[in-house]
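Structure file start06.txt; described as compact mmCIF, C-alpha atoms.
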```txt
# COMPACT_ATOMS: atom_id res chain seq x y z
CA MET G 1 -90.66 -6.15 66.47
CA LYS G 2 -91.65 -7.43 69.88
CA ALA G 3 -88.96 -10.09 69.71
CA LEU G 4 -86.35 -7.46 68.81
CA LEU G 5 -87.45 -5.33 71.74
CA ILE G 6 -87.13 -8.28 74.11
CA LEU G 7 -83.68 -9.05 72.70
CA LEU G 8 -82.65 -5.45 73.26
CA CYS G 9 -83.85 -5.61 76.87
CA ILE G 10 -81.87 -8.83 77.41
CA CYS G 11 -78.72 -7.25 76.01
CA LEU G 12 -79.10 -4.03 77.98
CA PRO G 13 -77.54 -5.26 81.26
CA LEU G 14 -74.42 -6.38 79.34
CA ALA G 15 -73.21 -2.79 79.48
CA GLY G 16 -72.90 -3.31 83.23
CA TYR G 17 -70.09 -5.78 82.59
CA ALA G 18 -67.92 -3.21 80.86
CA ILE G 19 -64.54 -2.98 82.61
CA ASP G 20 -63.06 -0.01 80.82
CA VAL G 21 -65.72 2.63 81.27
CA GLN G 22 -63.76 5.54 79.82
CA GLN G 23 -64.75 7.28 76.63
CA PRO G 24 -62.89 6.07 73.52
CA PHE G 25 -60.28 8.35 71.96
CA ASP G 26 -61.41 10.60 69.11
CA ASP G 27 -58.38 9.44 67.17
CA THR G 28 -58.87 5.78 66.08
CA ASP G 29 -55.13 5.27 65.77
CA LYS G 30 -54.63 6.29 69.40
CA GLN G 31 -57.58 4.11 70.43
CA GLN G 32 -55.99 1.11 68.73
CA ARG G 33 -52.62 1.74 70.38
CA TYR G 34 -54.34 2.15 73.75
CA GLU G 35 -56.19 -1.14 73.32
CA ALA G 36 -53.07 -2.97 72.17
CA LEU G 37 -51.01 -1.62 75.07
CA THR G 38 -53.55 -2.34 77.81
CA SER G 39 -53.96 -5.91 76.58
CA GLU G 40 -50.21 -6.45 76.90
CA ILE G 41 -49.72 -5.04 80.38
CA ARG G 42 -50.11 -7.37 83.32
CA CYS G 43 -52.20 -6.37 86.30
CA LEU G 44 -49.90 -7.21 89.21
CA VAL G 45 -52.79 -7.63 91.63
CA CYS G 46 -54.49 -10.42 89.67
CA GLN G 47 -51.46 -11.64 87.82
CA ASN G 48 -53.06 -13.59 85.02
CA GLU G 49 -55.15 -10.70 83.80
CA THR G 50 -54.18 -7.81 81.60
CA ILE G 51 -55.08 -4.34 82.78
CA ALA G 52 -57.64 -4.26 79.96
CA ASP G 53 -59.42 -7.29 81.49
CA SER G 54 -58.98 -6.62 85.18
CA THR G 55 -61.49 -4.98 87.49
CA ALA G 56 -58.81 -4.29 90.14
CA PRO G 57 -58.54 -0.64 91.19
CA LEU G 58 -54.84 -0.67 90.31
CA ALA G 59 -55.69 -1.79 86.77
CA ALA G 60 -58.06 1.17 86.45
CA ASP G 61 -55.29 3.51 87.63
CA LEU G 62 -52.83 2.00 85.15
CA ARG G 63 -55.37 2.27 82.30
CA ARG G 64 -55.74 5.93 83.21
CA GLU G 65 -51.96 6.45 83.14
CA VAL G 66 -51.60 4.63 79.80
CA ARG G 67 -54.46 6.71 78.41
CA ARG G 68 -52.81 9.90 79.62
CA MET G 69 -49.47 8.92 78.05
CA VAL G 70 -51.04 7.90 74.73
CA GLU G 71 -52.98 11.16 74.74
CA SER G 72 -49.82 13.18 75.34
CA GLY G 73 -48.19 11.58 72.32
CA GLN G 74 -45.69 9.21 73.96
CA SER G 75 -44.52 6.21 71.94
CA ASP G 76 -45.36 2.60 72.82
CA ALA G 77 -41.73 2.02 73.82
CA GLU G 78 -41.76 5.02 76.15
CA ILE G 79 -44.95 3.84 77.82
CA LYS G 80 -43.59 0.31 78.29
CA ASP G 81 -40.32 1.68 79.68
CA PHE G 82 -42.30 3.80 82.13
CA LEU G 83 -44.05 0.70 83.47
CA VAL G 84 -40.99 -1.59 83.48
CA GLU G 85 -39.04 1.07 85.40
CA ARG G 86 -41.67 1.00 88.13
CA TYR G 87 -43.02 -2.54 88.17
CA GLY G 88 -40.22 -4.63 86.64
CA ASP G 89 -40.15 -6.90 83.59
CA PHE G 90 -43.07 -8.95 84.90
CA VAL G 91 -45.50 -6.16 84.08
CA LEU G 92 -45.22 -6.92 80.36
CA TYR G 93 -46.68 -10.13 78.98
CA ARG G 94 -43.86 -10.13 76.42
CA PRO G 95 -40.86 -8.84 78.39
CA GLN G 96 -38.15 -6.92 76.58
CA PHE G 97 -35.09 -8.93 75.57
CA LYS G 98 -32.17 -8.13 77.88
CA SER G 99 -29.57 -10.03 79.88
CA LYS G 100 -32.06 -10.64 82.71
CA THR G 101 -34.71 -12.09 80.39
CA ALA G 102 -32.38 -13.84 77.92
CA ALA G 103 -32.85 -17.28 79.51
CA LEU G 104 -36.61 -16.85 79.27
CA TRP G 105 -36.48 -16.02 75.57
CA LEU G 106 -33.74 -18.45 74.54
CA ALA G 107 -34.76 -21.53 76.54
CA PRO G 108 -37.51 -22.61 74.08
CA LEU G 109 -35.07 -22.26 71.18
CA PHE G 110 -32.48 -24.28 73.10
CA LEU G 111 -35.05 -27.00 73.84
CA LEU G 112 -36.15 -27.01 70.20
CA VAL G 113 -32.55 -27.56 69.07
CA ILE G 114 -32.20 -30.46 71.52
CA GLY G 115 -35.47 -31.91 70.24
CA VAL G 116 -34.43 -31.62 66.60
CA LEU G 117 -31.05 -33.22 67.33
CA ALA G 118 -32.67 -36.09 69.23
CA PHE G 119 -35.20 -36.57 66.43
CA ALA G 120 -32.44 -36.59 63.78
CA ARG G 121 -30.52 -39.15 65.81
CA ILE G 122 -33.51 -41.44 66.10
CA LEU G 123 -34.18 -41.14 62.35
CA ARG G 124 -30.57 -42.01 61.57
CA ARG G 125 -30.71 -45.05 63.85
CA ARG G 126 -33.92 -46.17 62.19
CA ALA G 127 -32.37 -45.80 58.77
CA MET G 128 -29.45 -47.99 59.84
CA MET G 129 -31.77 -50.75 61.09
CA PRO G 130 -32.30 -53.67 58.73
CA ASN G 131 -35.53 -53.35 56.85
CA ASP G 132 -37.44 -56.22 58.43
CA ILE G 133 -40.97 -54.84 58.18
CA ASP G 134 -42.04 -57.64 55.89
CA GLU G 135 -40.85 -60.28 58.29
CA PRO G 136 -43.42 -61.73 60.70
CA LEU G 137 -43.53 -60.32 64.25
CA MET G 138 -42.27 -63.61 65.61
CA SER G 139 -38.77 -62.81 64.43
CA VAL G 140 -38.66 -59.78 66.72
CA ASP G 141 -39.50 -61.97 69.69
CA LYS G 142 -36.81 -64.35 68.60
CA GLU G 143 -34.33 -61.53 68.47
CA VAL G 144 -35.24 -60.46 71.99
CA ASP G 145 -34.71 -64.02 73.16
CA GLU G 146 -31.33 -64.09 71.54
CA ARG G 147 -30.41 -60.81 73.17
CA SER G 148 -31.31 -61.94 76.64
CA ASP G 149 -29.14 -65.00 76.11
CA THR G 150 -25.99 -62.99 75.47
CA MET Q 1 -27.39 -59.66 65.19
CA PRO Q 2 -24.72 -59.81 67.84
CA ASP Q 3 -22.57 -57.02 66.32
CA THR Q 4 -25.20 -54.26 66.73
CA ASN Q 5 -25.95 -55.58 70.19
CA THR Q 6 -22.45 -55.08 71.50
CA ASN Q 7 -22.39 -51.63 69.94
CA ALA Q 8 -25.57 -50.62 71.72
CA SER Q 9 -24.79 -52.10 75.10
CA LYS Q 10 -22.44 -49.32 76.26
CA PRO Q 11 -24.69 -46.31 75.54
CA THR Q 12 -27.65 -48.27 76.94
CA LYS Q 13 -26.53 -47.72 80.52
CA LEU Q 14 -26.10 -44.02 79.84
CA LYS Q 15 -29.48 -43.96 78.16
CA PHE Q 16 -31.13 -45.15 81.34
CA PHE Q 17 -29.42 -42.41 83.25
CA VAL Q 18 -30.56 -39.56 80.99
CA PRO Q 19 -34.29 -39.66 81.92
CA VAL Q 20 -33.40 -39.96 85.59
CA ALA Q 21 -31.14 -36.93 85.35
CA LEU Q 22 -33.81 -34.95 83.47
CA PHE Q 23 -36.36 -35.93 86.07
CA ALA Q 24 -34.03 -34.81 88.87
CA ILE Q 25 -33.54 -31.42 87.19
CA LEU Q 26 -37.29 -31.01 86.73
CA LEU Q 27 -37.85 -32.00 90.37
CA GLY Q 28 -35.32 -29.36 91.41
CA PHE Q 29 -37.29 -26.68 89.56
CA PHE Q 30 -40.57 -27.82 91.08
CA LEU Q 31 -39.15 -27.89 94.60
CA ALA Q 32 -37.70 -24.40 94.17
CA GLY Q 33 -41.05 -23.27 92.73
CA LEU Q 34 -42.93 -24.50 95.79
CA ASN Q 35 -41.03 -22.01 97.94
CA LEU Q 36 -41.59 -19.06 95.64
CA ASN Q 37 -44.40 -16.67 96.36
CA PRO Q 38 -45.83 -15.29 93.09
CA GLY Q 39 -47.24 -12.37 95.08
CA GLN Q 40 -43.71 -11.19 95.91
CA ILE Q 41 -42.38 -9.41 92.88
CA ASP Q 42 -38.95 -7.87 93.37
CA SER Q 43 -39.09 -4.12 93.18
CA PRO Q 44 -36.91 -2.64 90.45
CA PHE Q 45 -36.18 0.25 92.84
CA ILE Q 46 -33.94 -1.69 95.24
CA GLY Q 47 -30.55 0.01 95.18
CA LYS Q 48 -31.93 2.91 93.12
CA PRO Q 49 -32.91 6.43 94.16
CA ALA Q 50 -36.36 6.76 95.69
CA PRO Q 51 -38.83 8.34 93.23
CA ALA Q 52 -39.69 12.00 93.70
CA PHE Q 53 -43.18 12.96 94.83
CA ASP Q 54 -45.10 15.87 96.22
CA LEU Q 55 -48.42 15.35 98.01
CA PRO Q 56 -50.68 17.15 100.47
CA LYS Q 57 -50.46 15.84 104.02
CA LEU Q 58 -53.37 13.74 105.21
CA LEU Q 59 -53.88 15.51 108.53
CA LYS Q 60 -52.78 18.99 107.39
CA PRO Q 61 -53.89 19.25 103.74
CA GLU Q 62 -52.49 22.78 103.48
CA GLU Q 63 -48.96 21.38 104.02
CA ARG Q 64 -47.03 19.24 101.53
CA ILE Q 65 -44.83 16.21 101.95
CA SER Q 66 -42.15 15.30 99.40
CA ARG Q 67 -39.14 13.08 98.83
CA ASN Q 68 -37.00 15.67 100.68
CA ASP Q 69 -38.78 14.75 103.92
CA LEU Q 70 -37.70 11.12 103.57
CA VAL Q 71 -33.99 11.65 102.97
CA GLY Q 72 -31.27 12.70 105.44
CA GLN Q 73 -31.72 9.71 107.71
CA TYR Q 74 -33.00 6.14 107.54
CA THR Q 75 -36.76 6.34 107.05
CA LEU Q 76 -39.67 4.04 106.30
CA LEU Q 77 -42.46 4.67 103.83
CA ASN Q 78 -45.53 2.56 104.49
CA VAL Q 79 -48.30 2.31 101.89
CA TRP Q 80 -51.71 1.82 103.48
CA GLY Q 81 -55.43 2.36 103.16
CA THR Q 82 -58.43 1.85 105.41
CA TRP Q 83 -59.82 -0.63 102.86
CA CYS Q 84 -56.82 -2.91 103.33
CA PRO Q 85 -57.10 -5.76 105.88
CA GLY Q 86 -53.33 -6.35 105.94
CA CYS Q 87 -52.87 -2.73 107.01
CA ARG Q 88 -55.11 -3.25 110.03
CA GLN Q 89 -53.13 -6.39 110.80
CA GLU Q 90 -49.76 -4.63 110.78
CA HIS Q 91 -50.91 -1.47 112.53
CA ASP Q 92 -49.91 -2.52 116.07
CA SER Q 93 -46.47 -3.56 114.84
CA LEU Q 94 -46.04 -0.16 113.19
CA LEU Q 95 -46.97 1.57 116.45
CA ILE Q 96 -44.35 -0.47 118.32
CA ILE Q 97 -41.68 0.19 115.68
CA ALA Q 98 -42.40 3.92 115.59
CA GLU Q 99 -42.22 4.13 119.37
CA ASN Q 100 -39.11 2.06 119.97
CA TYR Q 101 -36.78 2.72 117.08
CA ASN Q 102 -35.07 5.79 115.79
CA VAL Q 103 -36.45 5.39 112.26
CA PRO Q 104 -39.17 7.88 111.28
CA LEU Q 105 -42.16 6.20 109.67
CA TYR Q 106 -43.92 8.05 106.88
CA GLY Q 107 -47.18 6.94 105.35
CA LEU Q 108 -48.59 6.94 101.86
CA ASN Q 109 -52.35 6.84 102.21
CA TRP Q 110 -53.31 5.09 98.99
CA LYS Q 111 -56.66 5.34 97.19
CA ASP Q 112 -58.42 6.16 100.39
CA ASP Q 113 -61.07 8.47 101.76
CA SER Q 114 -59.59 11.34 103.78
CA ASP Q 115 -62.24 11.21 106.54
CA LYS Q 116 -61.99 7.46 106.95
CA ALA Q 117 -58.19 7.62 107.05
CA GLN Q 118 -58.20 10.36 109.70
CA GLN Q 119 -60.71 8.38 111.74
CA TRP Q 120 -58.49 5.28 111.46
CA LEU Q 121 -55.50 7.18 112.84
CA SER Q 122 -57.42 8.74 115.72
CA GLN Q 123 -58.99 5.41 116.69
CA LEU Q 124 -56.05 3.05 116.29
CA GLY Q 125 -53.20 5.44 117.07
CA ASN Q 126 -50.92 7.27 114.68
CA PRO Q 127 -47.46 5.77 114.13
CA TYR Q 128 -46.66 8.13 111.25
CA ALA Q 129 -44.45 11.21 111.32
CA ALA Q 130 -46.58 12.40 108.39
CA ASN Q 131 -48.77 10.96 105.66
CA GLY Q 132 -49.03 11.78 102.01
CA PHE Q 133 -52.61 11.67 100.73
CA ASP Q 134 -52.79 9.93 97.32
CA PRO Q 135 -56.47 9.27 96.52
CA ASP Q 136 -55.83 8.68 92.79
CA GLY Q 137 -52.82 6.42 93.24
CA ILE Q 138 -50.54 8.57 91.08
CA VAL Q 139 -47.56 8.58 93.44
CA ALA Q 140 -48.18 4.90 94.18
CA ILE Q 141 -47.65 4.09 90.49
CA ASP Q 142 -44.39 6.07 90.52
CA TRP Q 143 -43.25 3.91 93.43
CA GLY Q 144 -44.34 0.67 91.73
CA VAL Q 145 -46.92 -0.07 94.43
CA TYR Q 146 -49.33 -2.85 93.53
CA GLY Q 147 -50.73 -4.14 96.80
CA ALA Q 148 -51.02 -2.58 100.22
CA PRO Q 149 -49.51 -2.87 102.67
CA GLU Q 150 -46.03 -2.24 101.32
CA THR Q 151 -43.12 -0.82 103.31
CA PHE Q 152 -40.00 0.76 101.82
CA LEU Q 153 -36.75 1.40 103.67
CA ILE Q 154 -34.93 4.51 102.46
CA SER Q 155 -31.31 5.33 103.27
CA PRO Q 156 -30.09 8.82 104.24
CA ASP Q 157 -28.90 9.44 100.67
CA GLY Q 158 -32.34 8.60 99.30
CA THR Q 159 -31.66 5.06 98.05
CA VAL Q 160 -34.38 2.43 98.38
CA LEU Q 161 -32.76 -0.32 100.45
CA HIS Q 162 -35.61 -2.75 100.93
CA LYS Q 163 -39.27 -3.29 100.16
CA LEU Q 164 -41.68 -5.45 102.10
CA ILE Q 165 -44.86 -6.58 100.38
CA GLY Q 166 -47.47 -7.62 102.90
CA PRO Q 167 -48.03 -6.86 106.57
CA MET Q 168 -45.08 -5.86 108.74
CA ASP Q 169 -44.51 -7.77 111.94
CA LEU Q 170 -41.80 -7.57 114.54
CA SER Q 171 -39.90 -10.64 113.40
CA ILE Q 172 -39.78 -9.34 109.80
CA TRP Q 173 -38.69 -6.00 111.20
CA ARG Q 174 -35.87 -7.58 113.20
CA ASN Q 175 -34.73 -9.99 110.47
CA GLU Q 176 -35.15 -7.99 107.27
CA PHE Q 177 -35.04 -4.32 108.22
CA LEU Q 178 -32.92 -3.85 111.36
CA PRO Q 179 -29.77 -5.46 109.91
CA LEU Q 180 -29.84 -2.80 107.17
CA ILE Q 181 -30.12 0.13 109.61
CA PRO Q 182 -27.12 1.08 111.74
CA GLU Q 183 -27.95 2.86 115.00
CA ALA Q 184 -31.65 2.12 114.78
CA SER Q 185 -32.16 1.40 118.46
CA ARG Q 186 -33.23 4.18 120.70
```
Will you turn the file into structure tokens for me?
Amino acid sequence: MKALLILLCICLPLAGYAIDVQQPFDDTDKQQRYEALTSEIRCLVCQNETIADSTAPLAADLRREVRRMVESGQSDAEIKDFLVERYGDFVLYRPQFKSKTAALWLAPLFLLVIGVLAFARILRRRAMMPNDIDEPLMSVDKEVDERSDT
Amino acid sequence: MPDTNTNASKPTKLKFFVPVALFAILLGFFLAGLNLNPGQIDSPFIGKPAPAFDLPKLLKPEERISRNDLVGQYTLLNVWGTWCPGCRQEHDSLLIIAENYNVPLYGLNWKDDSDKAQQWLSQLGNPYAANGFDPDGIVAIDWGVYGAPETFLISPDGTVLHKLIGPMDLSIWRNEFLPLIPEASR
């Protein structure tokens, strides 16, 4: 009992670390949407934090706005559009796909295709090589010598 | 195996060039990245109509200031607060600009305390034609403000022409703002 009480006292100050100090929504669905949205919106003051994680005053203001919009029944897309209109694509951790962000979204795919093609090429080359695994390593050295002669 | 050797010899030279080319491209990106400031995020409002707002004035709370006050001529909207060191830094430049150029300067007093803000203006001088008082940052969000000081240039038809993030100084004023404003000199 005493140990539990001590544990409780140790945990008590943790509440002081809470960033979002507002009351949760009554509606759990809205609460979930609010949490999902705030953890996807970038705080532009401290750019590698979401507004759910940031202690910046601007993040608190943006949480309040998101809360207000969720409360008033706006859709996720409407809320994201509201923010992108004001702060630009950078405000979303996963920016919407449009002509301006196409390079950002397609570049990894493009690089993957290049990688796969290069890999396939190497495999094909390997397959064409004579199967000399059983031969002693010496023969490779010999081959190199021959090559440098030509 | 001389036959495979002769086959490989031509692409070999190219093969050496590929990593060098890739490295050069990468280097180009890094060099360009060095000159980028991640704190400067382009405002989506450039070239678009200035957002509407309606706020009480800082010095005369019974009067209102709105978007209508900003349009009709070239105007500046400066976002500031007494808690903001950059705003103190730019204050003298704002006083000079307000005094010497025919471009009215309006203020958006952002997330501030009314008494402190009034004290700031009476102590340091007041370059503003009028200030909107926005303690909750609601209008600031509509304008996409994320760090004071910020200064917007608005054209007579209400279009946002330019946005400066960070303290104004006279060389920025001359190089970035003046070229956009015809007949700015008094």
Residues of chain Q no more than 12 Å from chain G, counting all atoms listed in the file: send them over as a PDB file with C-alpha atoms, in the frame of the given file.
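Result file follows (result32.pdb):
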```pdb
ATOM      1  CA  MET Q   1     -27.390 -59.660  65.190  1.00  0.00           C
ATOM      2  CA  PRO Q   2     -24.720 -59.810  67.840  1.00  0.00           C
ATOM      3  CA  ASP Q   3     -22.570 -57.020  66.320  1.00  0.00           C
ATOM      4  CA  THR Q   4     -25.200 -54.260  66.730  1.00  0.00           C
ATOM      5  CA  ASN Q   5     -25.950 -55.580  70.190  1.00  0.00           C
ATOM      6  CA  THR Q   6     -22.450 -55.080  71.500  1.00  0.00           C
ATOM      7  CA  ALA Q   8     -25.570 -50.620  71.720  1.00  0.00           C
ATOM      8  CA  SER Q   9     -24.790 -52.100  75.100  1.00  0.00           C
ATOM      9  CA  PRO Q  38     -45.830 -15.290  93.090  1.00  0.00           C
ATOM     10  CA  GLY Q  39     -47.240 -12.370  95.080  1.00  0.00           C
ATOM     11  CA  GLN Q  40     -43.710 -11.190  95.910  1.00  0.00           C
ATOM     12  CA  ILE Q  41     -42.380  -9.410  92.880  1.00  0.00           C
ATOM     13  CA  ASP Q  42     -38.950  -7.870  93.370  1.00  0.00           C
ATOM     14  CA  SER Q  43     -39.090  -4.120  93.180  1.00  0.00           C
ATOM     15  CA  PRO Q  44     -36.910  -2.640  90.450  1.00  0.00           C
ATOM     16  CA  PHE Q  45     -36.180   0.250  92.840  1.00  0.00           C
ATOM     17  CA  ILE Q  46     -33.940  -1.690  95.240  1.00  0.00           C
ATOM     18  CA  LYS Q  48     -31.930   2.910  93.120  1.00  0.00           C
ATOM     19  CA  PRO Q  49     -32.910   6.430  94.160  1.00  0.00           C
ATOM     20  CA  ALA Q  50     -36.360   6.760  95.690  1.00  0.00           C
ATOM     21  CA  PRO Q  51     -38.830   8.340  93.230  1.00  0.00           C
ATOM     22  CA  TRP Q  83     -59.820  -0.630 102.860  1.00  0.00           C
ATOM     23  CA  TRP Q 110     -53.310   5.090  98.990  1.00  0.00           C
ATOM     24  CA  LYS Q 111     -56.660   5.340  97.190  1.00  0.00           C
ATOM     25  CA  ASP Q 112     -58.420   6.160 100.390  1.00  0.00           C
ATOM     26  CA  ASP Q 134     -52.790   9.930  97.320  1.00  0.00           C
ATOM     27  CA  PRO Q 135     -56.470   9.270  96.520  1.00  0.00           C
ATOM     28  CA  ASP Q 136     -55.830   8.680  92.790  1.00  0.00           C
ATOM     29  CA  GLY Q 137     -52.820   6.420  93.240  1.00  0.00           C
ATOM     30  CA  ILE Q 138     -50.540   8.570  91.080  1.00  0.00           C
ATOM     31  CA  VAL Q 139     -47.560   8.580  93.440  1.00  0.00           C
ATOM     32  CA  ALA Q 140     -48.180   4.900  94.180  1.00  0.00           C
ATOM     33  CA  ILE Q 141     -47.650   4.090  90.490  1.00  0.00           C
ATOM     34  CA  ASP Q 142     -44.390   6.070  90.520  1.00  0.00           C
ATOM     35  CA  TRP Q 143     -43.250   3.910  93.430  1.00  0.00           C
ATOM     36  CA  GLY Q 144     -44.340   0.670  91.730  1.00  0.00           C
ATOM     37  CA  VAL Q 145     -46.920  -0.070  94.430  1.00  0.00           C
ATOM     38  CA  TYR Q 146     -49.330  -2.850  93.530  1.00  0.00           C
ATOM     39  CA  GLY Q 147     -50.730  -4.140  96.800  1.00  0.00           C
ATOM     40  CA  ALA Q 148     -51.020  -2.580 100.220  1.00  0.00           C
ATOM     41  CA  ILE Q 165     -44.860  -6.580 100.380  1.00  0.00           C
TER      42      ILE Q 165
END
```
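A straight line drawn from atom CA of G:Ala107 to atom CA of Q:Ala32 is 18.1 Å long.
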Q:Leu121: which residues within 12 Å, counting all atoms listed in the file, same-chain residues fewer than 3 positions away excluded, as a PyMOL selection string?
-> chain Q and resi 58-59+80-82+87-88+91-92+94-95+107+109+114-118+124-131
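Among Q:Pro179, Q:Gly158, Q:Gly86, Q:Pro167, the residue with the shortest atom-to-atom distance to Q:Gly47, counting all atoms listed in the file, is Q:Gly158.
Proximity ranking of G:Leu92, G:Leu109, G:Leu14, G:Arg67 relative to G:Arg42 places G:Leu92 first, based on all atoms listed in the file.
The shortest atom-to-atom distance to Q:Gly72, with all atoms listed in the file taken into account, belongs to Q:Val103 out of Q:Val103, Q:Asn175, Q:Ile96, Q:Ile25.
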Looking at all atoms listed in the file, which of G:Arg68, G:Lys2, G:Arg63, G:Arg125 is the one that sits closest to G:Asp20?
-> G:Arg63
Kindly extract all protein, DNA and RNA residues lying within 12 Å of the coordinates (-52.7, -6.2, 72.7) given in the file, considering all atoms listed in the file, and supply them as an MDAnalysis selection string.
-> chainID G and resid 31:42 50:53 76 92:94
Which is closer to Q:Lys57 than all the others in Q:Leu22, Q:Glu150, Q:Arg174, Q:Tyr106, using all atoms listed in the file?
-> Q:Tyr106
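If you look at atom CA of Q:Leu153 and atom CA of Q:Lys60, they are 24.1 Å away from each other.
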